[in-house]
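Everything below belongs to structure-v8.pdb, which stores PDB, C-alpha atoms and all ligand atoms.
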ATOM      1  CA  MET S   1     -12.789  -9.461  -0.472
ATOM      2  CA  GLU S   2     -16.040  -9.817  -2.394
ATOM      3  CA  ASP S   3     -16.005  -8.518  -5.980
ATOM      4  CA  TYR S   4     -18.752  -5.946  -5.463
ATOM      5  CA  LEU S   5     -16.782  -4.416  -2.571
ATOM      6  CA  CYS S   6     -13.614  -4.251  -4.715
ATOM      7  CA  GLU S   7     -15.604  -2.533  -7.431
ATOM      8  CA  ALA S   8     -17.145  -0.068  -4.982
ATOM      9  CA  ILE S   9     -13.693   0.786  -3.590
ATOM     10  CA  SER S  10     -12.209   1.141  -7.113
ATOM     11  CA  GLN S  11     -15.112   3.382  -8.036
ATOM     12  CA  ALA S  12     -14.543   5.551  -4.958
ATOM     13  CA  CYS S  13     -10.818   5.751  -5.839
ATOM     14  CA  SER S  14     -11.573   6.702  -9.437
ATOM     15  CA  GLU S  15     -13.601   9.662  -8.146
ATOM     16  CA  CYS S  16     -10.709  10.897  -5.998
ATOM     17  CA  HIS S  17     -10.138  14.612  -6.506
ATOM     18  CA  LEU S  18      -6.466  14.251  -5.554
ATOM     19  CA  ASP S  19      -5.660  12.764  -8.999
ATOM     20  CA  GLY S  20      -3.591   9.790  -7.926
ATOM     21  CA  GLY S  21      -2.344  11.465  -4.780
ATOM     22  CA  CYS S  22      -1.602   8.145  -3.113
ATOM     23  CA  CYS S  23       0.831   7.292  -5.936
ATOM     24  CA  PHE S  24       2.634  10.638  -5.618
ATOM     25  CA  GLU S  25       5.997  10.210  -3.925
ATOM     26  CA  ALA S  26       4.996   6.597  -3.271
ATOM     27  CA  ARG S  27       7.874   4.171  -3.138
ATOM     28  CA  PRO S  28       6.162   0.924  -2.181
ATOM     29  CA  PRO S  29       8.449  -1.709  -0.659
ATOM     30  CA  LEU S  30       8.972  -4.909  -2.613
ATOM     31  CA  SER S  31       9.503  -8.429  -1.364
ATOM     32  CA  GLN S  32      11.562 -10.817  -3.493
ATOM     33  CA  GLU S  33       8.314 -12.579  -4.380
ATOM     34  CA  ARG S  34       6.712  -9.309  -5.571
ATOM     35  CA  ILE S  35       9.791  -8.457  -7.657
ATOM     36  CA  LYS S  36       9.519 -11.841  -9.363
ATOM     37  CA  ILE S  37       5.815 -11.262 -10.107
ATOM     38  CA  LEU S  38       6.521  -7.791 -11.510
ATOM     39  CA  LEU S  39       9.372  -9.002 -13.708
ATOM     40  CA  GLU S  40       7.278 -11.910 -14.982
ATOM     41  CA  ASN S  41       4.597  -9.420 -15.944
ATOM     42  CA  GLY S  42       6.875  -7.200 -17.981
ATOM     43  CA  VAL S  43       7.890  -4.571 -15.437
ATOM     44  CA  ALA S  44      11.446  -3.484 -16.221
ATOM     45  CA  GLU S  45      14.146  -4.143 -13.680
ATOM     46  CA  ASP S  46      15.106  -0.465 -13.695
ATOM     47  CA  ALA S  47      11.653   0.415 -12.370
ATOM     48  CA  MET S  48      13.003  -0.867  -9.060
ATOM     49  CA  GLU S  49      15.793   0.330  -6.820
ATOM     50  CA  PHE S  50      17.461  -0.448  -3.521
ATOM     51  CA  ALA S  51      17.667   2.296  -0.920
ATOM     52  CA  GLY S  52      17.894   0.430   2.366
ATOM     53  CA  TYR S  53      15.042  -1.693   1.080
ATOM     54  CA  ARG S  54      13.853  -2.717  -2.352
ATOM     55  CA  ARG S  55      11.186  -0.437  -3.723
ATOM     56  CA  LEU S  56       9.660   1.069  -6.860
ATOM     57  CA  ARG S  57      11.260   4.209  -8.210
ATOM     58  CA  LEU S  58       9.696   7.612  -8.744
ATOM     59  CA  LYS S  59       9.404   9.298 -12.139
ATOM     60  CA  GLN S  60      10.718  12.826 -12.598
ATOM     61  CA  ASP S  61       7.233  14.207 -11.976
ATOM     62  CA  GLY S  62       7.254  12.641  -8.510
ATOM     63  CA  PHE S  63       4.726   9.899  -9.256
ATOM     64  CA  CYS S  64       5.452   6.193  -8.922
ATOM     65  CA  VAL S  65       7.161   4.850 -12.046
ATOM     66  CA  LEU S  66       4.152   2.597 -12.659
ATOM     67  CA  PHE S  67       1.561   5.386 -12.512
ATOM     68  CA  HIS S  68       0.401   6.044 -16.083
ATOM     69  CA  ASP S  69      -2.562   7.918 -17.586
ATOM     70  CA  GLY S  70      -3.902   8.766 -14.159
ATOM     71  CA  LYS S  71      -3.903   5.260 -12.767
ATOM     72  CA  CYS S  72      -1.828   2.314 -11.628
ATOM     73  CA  SER S  73      -0.611   0.286 -14.605
ATOM     74  CA  ILE S  74      -0.221  -2.905 -12.554
ATOM     75  CA  HIS S  75      -3.440  -2.779 -10.529
ATOM     76  CA  SER S  76      -3.959  -6.552 -10.279
ATOM     77  CA  ILE S  77      -0.398  -7.237  -9.100
ATOM     78  CA  LYS S  78       0.431  -4.057  -7.224
ATOM     79  CA  PRO S  79       2.560  -4.242  -4.063
ATOM     80  CA  GLU S  80       1.046  -5.066  -0.697
ATOM     81  CA  THR S  81       1.126  -1.539   0.711
ATOM     82  CA  CYS S  82      -0.681  -0.268  -2.400
ATOM     83  CA  VAL S  83      -3.475  -2.799  -1.897
ATOM     84  CA  ALA S  84      -3.713  -1.779   1.752
ATOM     85  CA  GLY S  85      -4.138   1.809   0.509
ATOM     86  CA  PRO S  86      -5.395   3.981   3.318
ATOM     87  CA  PHE S  87      -4.264   1.433   5.900
ATOM     88  CA  THR S  88      -0.600   1.712   6.885
ATOM     89  CA  PHE S  89       1.443  -0.022   9.537
ATOM     90  CA  ASP S  90       4.164   0.095  12.123
ATOM     91  CA  ILE S  91       5.663  -2.547  14.408
ATOM     92  CA  LYS S  92       6.333  -1.774  18.065
ATOM     93  CA  GLU S  93       7.629  -4.398  20.490
ATOM     94  CA  GLY S  94       6.273  -7.326  18.527
ATOM     95  CA  VAL S  95       2.902  -5.709  17.922
ATOM     96  CA  LEU S  96       1.676  -4.892  14.424
ATOM     97  CA  GLN S  97      -0.045  -1.523  14.580
ATOM     98  CA  ILE S  98      -2.517  -0.699  11.831
ATOM     99  CA  PHE S  99      -3.213   2.956  11.076
ATOM    100  CA  LEU S 100      -5.850   4.552   8.863
ATOM    101  CA  LYS S 101      -5.033   7.689   6.872
ATOM    102  CA  ARG S 102      -7.163  10.736   7.567
ATOM    103  CA  GLU S 103      -9.819  11.845   5.097
ATOM    104  CA  SER S 104      -7.784  14.989   4.366
ATOM    105  CA  ILE S 105      -5.136  12.912   2.567
ATOM    106  CA  CYS S 106      -7.331  10.037   1.329
ATOM    107  CA  PRO S 107     -10.954  10.729   0.373
ATOM    108  CA  LEU S 108     -11.573   6.950   0.222
ATOM    109  CA  VAL S 109     -11.595   6.972   4.011
ATOM    110  CA  ARG S 110     -14.904   8.853   4.073
ATOM    111  CA  PHE S 111     -16.422   6.132   1.876
ATOM    112  CA  LEU S 112     -15.008   3.370   4.082
ATOM    113  CA  LYS S 113     -16.314   4.965   7.264
ATOM    114  CA  ALA S 114     -19.793   5.151   5.747
ATOM    115  CA  ASN S 115     -19.703   1.538   4.479
ATOM    116  CA  LYS S 116     -18.904  -0.943   7.232
ATOM    117  CA  LYS S 117     -18.727  -3.932   4.874
ATOM    118  CA  ALA S 118     -16.248  -2.165   2.613
ATOM    119  CA  TYR S 119     -14.209  -1.040   5.630
ATOM    120  CA  ASP S 120     -14.145  -4.538   7.125
ATOM    121  CA  GLY S 121     -13.343  -6.135   3.758
ATOM    122  CA  LEU S 122     -10.460  -3.789   2.995
ATOM    123  CA  PHE S 123      -9.201  -3.943   6.585
ATOM    124  CA  GLU S 124      -9.072  -7.728   6.479
ATOM    125  CA  THR S 125      -7.325  -7.775   3.078
ATOM    126  CA  SER S 126      -4.893  -5.069   4.180
ATOM    127  CA  VAL S 127      -3.878  -6.875   7.367
ATOM    128  CA  GLU S 128      -3.366 -10.075   5.380
ATOM    129  CA  LYS S 129      -1.183  -8.275   2.790
ATOM    130  CA  ILE S 130       0.795  -6.357   5.412
ATOM    131  CA  MET S 131       1.395  -9.538   7.426
ATOM    132  CA  HIS S 132       2.621 -11.218   4.265
ATOM    133  CA  LEU S 133       4.975  -8.326   3.511
ATOM    134  CA  VAL S 134       6.317  -8.309   7.079
ATOM    135  CA  LYS S 135       7.089 -12.016   6.841
ATOM    136  CA  SER S 136       8.610 -11.769   3.321
ATOM    137  CA  VAL S 137      10.955  -8.806   3.663
ATOM    138  CA  PRO S 138      14.373  -9.305   5.319
ATOM    139  CA  ALA S 139      14.520  -7.889   8.865
ATOM    140  CA  ALA S 140      17.157  -5.264   7.988
ATOM    141  CA  GLU S 141      14.989  -3.959   5.131
ATOM    142  CA  MET S 142      11.884  -3.934   7.329
ATOM    143  CA  GLU S 143      13.811  -1.829   9.849
ATOM    144  CA  GLU S 144      14.359   0.778   7.107
ATOM    145  CA  ILE S 145      10.734   0.590   5.970
ATOM    146  CA  LEU S 146       9.544   1.260   9.517
ATOM    147  CA  LYS S 147      11.521   4.529   9.574
ATOM    148  CA  ILE S 148       9.183   5.997   6.949
ATOM    149  CA  GLU S 149       6.941   8.591   8.563
ATOM    150  CA  GLU S 150       3.207   8.224   7.951
ATOM    151  CA  PRO S 151       1.717  11.536   9.059
ATOM    152  CA  GLU S 152      -2.023  12.179   9.350
ATOM    153  CA  THR S 153      -2.999   8.669  10.359
ATOM    154  CA  ASP S 154      -4.935   7.226  13.288
ATOM    155  CA  LEU S 155      -4.247   3.957  15.060
ATOM    156  CA  VAL S 156      -7.155   1.553  14.421
ATOM    157  CA  ALA S 157      -5.863  -1.876  15.472
ATOM    158  CA  GLN S 158      -3.033  -3.661  17.244
ATOM    159  CA  ILE S 159      -2.187  -7.281  16.492
ATOM    160  CA  LYS S 160       0.398  -9.306  18.415
ATOM    161  CA  LEU S 161       2.885 -10.843  16.013
ATOM    162  CA  GLN S 162       3.866 -14.425  16.634
ATOM    163  CA  ASP S 163       7.513 -15.045  17.595
TER     164      ASP S 163
HETATM  165  S1  LIG V   1       2.381   0.410  -7.790
HETATM  166 FE1  LIG V   1       0.521   1.301  -8.616
HETATM  167  S2  LIG V   1      -0.776   1.780  -6.797
HETATM  168 FE2  LIG V   1       1.335   1.434  -6.075
HETATM  169  S3  LIG V   1       2.245   3.493  -6.005
HETATM  170 FE3  LIG V   1       2.783   2.586  -7.996
HETATM  171  S4  LIG V   1       1.173   3.303  -9.410
HETATM  172 FE4  LIG V   1       0.432   3.633  -7.313
END
Go ahead and express the file in the form of structure tokens.
Amino acid sequence: MEDYLCEAISQACSECHLDGGCCFEARPPLSQERIKILLENGVAEDAMEFAGYRRLRLKQDGFCVLFHDGKCSIHSIKPETCVAGPFTFDIKEGVLQIFLKRESICPLVRFLKANKKAYDGLFETSVEKIMHLVKSVPAAEMEEILKIEEPETDLVAQIKLQD
């Protein structure tokens, strides 16, 4: 995604009135590759846990363990689902379904809907990251990840996964 679009999206996120709402009760799944990147960049092993799938822990206040001073402390290397942000996913019968959160739970969506280039840029990046995650995580873990409910979302795309 072009730099100016990343900056515009970061700016829109920094103005979010939900104060890091997307990192509250967020337990992003981790591929082995992502764990390696996090460890190499100083993230402690005990920031991660296994609960059917490997993921980041929550702090006692309910925020992701890597949420500090009102923002993500690992922005440039954050997990795939965090990059995808308001886009989430499911897999049904070999089809990757992409959903977009509603504005009520992610104010960034209003910005994206008003800025086609930003929407298209983030959509493309999100699908790429999600595809990568789907391919990297063991099938049994992905089965657990897919059980996570994502309320208040709308289906925006369906992509046939290759066998
Ligand atoms: S890794 Fe960063 S963006 Fe993802 S939930 Fe944790 S603090 Fe938020």
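Here atom CA of Pro138 of chain S stands at a distance of 8.3 Å from atom CA of Ser31 of chain S.
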Exercise: Leu66 of chain S partners within 12 Å, all atoms listed in the file, chain neighbours under 5 positions left out, as an MDAnalysis selection string: chainID S and resid 20 23:28 38 42:44 46:48 55:59 71:75 77:79 82
Computed interatomic separation between atom S3 of ligand LIG 1 (chain V) and atom CA of Ser104 of chain S (Å):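 So the two atoms, atom S3 of ligand LIG 1 (chain V) and atom CA of Ser104 of chain S, lie 18.4 Å apart.
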Explicit residue set for the PyMOL selection byres (((chain S and resi 86) around 12) and not hetatm), as a ChimeraX atom specification: /S:9,13,21-23,80-85,87-89,98-113,119,122-123,125-127,150-156
From S:Val65, S:Ala8, S:Leu30, S:Leu18, residue lying nearest ligand LIG 1 (chain V) [only C-alpha atoms and all ligand atoms]: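 The shortest atom-to-atom distance to ligand LIG 1 (chain V) comes from S:Val65.
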S:Cys16, S:Leu5, S:Tyr53, S:Ser76 ranked by distance to ligand LIG 1 (chain V), top pick (using all atoms listed in the file):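 Checking each of S:Cys16, S:Leu5, S:Tyr53, S:Ser76 against ligand LIG 1 (chain V), counting all atoms listed in the file, the winner is S:Ser76.
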Interatomic distance (Å, one decimal) between atom CA of Glu93 of chain S and atom CA of Ile148 of chain S: 17.1 Å
Let me have the centre and edge lengths of the axis-aligned box enclosing all listed atoms of ligand LIG 1 (chain V) with 8 Å padding on every side, in Å to one decimal, as lines of an AutoDock Vina configuration file.
center_x = 1.0
center_y = 2.0
center_z = -7.7
size_x = 19.6
size_y = 19.2
size_z = 19.4
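Nearest-residue note for ligand LIG 1 (chain V): choosing from S:His17, S:Arg54, S:His132, S:His68, the minimum distance belongs to S:His68, counting only C-alpha atoms and all ligand atoms.
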Of the listed residues S:Asp90, S:Ala140, S:Gly52, S:Asp69, that which approaches ligand LIG 1 (chain V) most closely, counting only C-alpha atoms and all ligand atoms: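 Under the stated criterion, the closest residue is S:Asp69.
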Using only C-alpha atoms and all ligand atoms: which of S:Met131, S:Cys64, S:Leu96, S:Ile35 has the shortest distance to ligand LIG 1 (chain V): S:Cys64
Expected selection from the PyMOL selection byres (((chain S and resi 142) around 10) and not hetatm), given as a ChimeraX atom specification: /S:29,52-54,90-91,133-141,143-147
Pick from S:Ala118, S:Asn41, S:Ala12, S:Gly70, whichever lies nearest to ligand LIG 1 (chain V) using all atoms listed in the file: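 Among the listed residues, the smallest separation from ligand LIG 1 (chain V) belongs to S:Gly70.
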Answer key for the PyMOL selection byres (((chain S and resi 94) around 9) and not hetatm), residues as a JSON list (two decimals) with C-alpha atoms, in the coordinates of the input:
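What follows is the written file out.json:
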[["chain", "number", "residue", "atom", "x", "y", "z"],
["S", 91, "ILE", "CA", 5.66, -2.55, 14.41],
["S", 92, "LYS", "CA", 6.33, -1.77, 18.07],
["S", 93, "GLU", "CA", 7.63, -4.40, 20.49],
["S", 95, "VAL", "CA", 2.90, -5.71, 17.92],
["S", 96, "LEU", "CA", 1.68, -4.89, 14.42],
["S", 159, "ILE", "CA", -2.19, -7.28, 16.49],
["S", 160, "LYS", "CA", 0.40, -9.31, 18.42],
["S", 161, "LEU", "CA", 2.88, -10.84, 16.01],
["S", 162, "GLN", "CA", 3.87, -14.42, 16.63],
["S", 163, "ASP", "CA", 7.51, -15.04, 17.60]]
With N, CA and C atoms as the goal, would you fill in the gaps in segment 86-109 of chain S and present it as a short mmCIF file (atom, residue, chain, number, x, y, z; two decimals), keeping the file's coordinate frame?
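So out.cif came out as:
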data_model
loop_
_atom_site.label_atom_id
_atom_site.label_comp_id
_atom_site.auth_asym_id
_atom_site.auth_seq_id
_atom_site.Cartn_x
_atom_site.Cartn_y
_atom_site.Cartn_z
N PRO S 86 -5.36 3.04 2.18
CA PRO S 86 -5.40 3.98 3.32
C PRO S 86 -4.96 3.38 4.65
N PHE S 87 -4.79 2.05 4.68
CA PHE S 87 -4.26 1.43 5.90
C PHE S 87 -2.74 1.36 5.80
N THR S 88 -2.06 1.78 6.83
CA THR S 88 -0.60 1.71 6.88
C THR S 88 -0.22 0.95 8.16
N PHE S 89 1.07 0.78 8.37
CA PHE S 89 1.44 -0.02 9.54
C PHE S 89 2.75 0.42 10.18
N ASP S 90 2.91 -0.06 11.39
CA ASP S 90 4.16 0.10 12.12
C ASP S 90 4.30 -1.17 12.97
N ILE S 91 5.49 -1.41 13.50
CA ILE S 91 5.66 -2.55 14.41
C ILE S 91 6.36 -2.01 15.65
N LYS S 92 5.75 -2.22 16.80
CA LYS S 92 6.33 -1.77 18.07
C LYS S 92 6.32 -2.93 19.03
N GLU S 93 7.49 -3.34 19.49
CA GLU S 93 7.63 -4.40 20.49
C GLU S 93 6.79 -5.63 20.16
N GLY S 94 6.94 -6.10 18.93
CA GLY S 94 6.27 -7.33 18.53
C GLY S 94 4.78 -7.18 18.26
N VAL S 95 4.33 -5.93 18.20
CA VAL S 95 2.90 -5.71 17.92
C VAL S 95 2.77 -4.98 16.59
N LEU S 96 1.95 -5.54 15.71
CA LEU S 96 1.68 -4.89 14.42
C LEU S 96 0.58 -3.85 14.66
N GLN S 97 0.93 -2.60 14.40
CA GLN S 97 -0.04 -1.52 14.58
C GLN S 97 -0.58 -1.14 13.21
N ILE S 98 -1.89 -1.09 13.10
CA ILE S 98 -2.52 -0.70 11.83
C ILE S 98 -3.09 0.71 11.99
N PHE S 99 -2.75 1.57 11.06
CA PHE S 99 -3.21 2.96 11.08
C PHE S 99 -4.10 3.20 9.85
N LEU S 100 -5.00 4.15 9.99
CA LEU S 100 -5.85 4.55 8.86
C LEU S 100 -5.55 6.02 8.55
N LYS S 101 -5.29 6.31 7.26
CA LYS S 101 -5.03 7.69 6.87
C LYS S 101 -6.26 8.55 7.16
N ARG S 102 -6.04 9.82 7.34
CA ARG S 102 -7.16 10.74 7.57
C ARG S 102 -7.81 11.11 6.23
N GLU S 103 -9.06 11.49 6.32
CA GLU S 103 -9.82 11.84 5.10
C GLU S 103 -9.14 12.96 4.32
N SER S 104 -8.42 13.84 5.03
CA SER S 104 -7.78 14.99 4.37
C SER S 104 -6.74 14.54 3.34
N ILE S 105 -6.13 13.37 3.55
CA ILE S 105 -5.14 12.91 2.57
C ILE S 105 -5.63 11.71 1.75
N CYS S 106 -6.78 11.14 2.12
CA CYS S 106 -7.33 10.04 1.33
C CYS S 106 -8.86 10.07 1.40
N PRO S 107 -9.49 10.62 0.37
CA PRO S 107 -10.95 10.73 0.37
C PRO S 107 -11.66 9.37 0.45
N LEU S 108 -10.96 8.28 0.13
CA LEU S 108 -11.57 6.95 0.22
C LEU S 108 -11.99 6.64 1.67
N VAL S 109 -11.30 7.26 2.60
CA VAL S 109 -11.60 6.97 4.01
C VAL S 109 -13.03 7.36 4.37
#
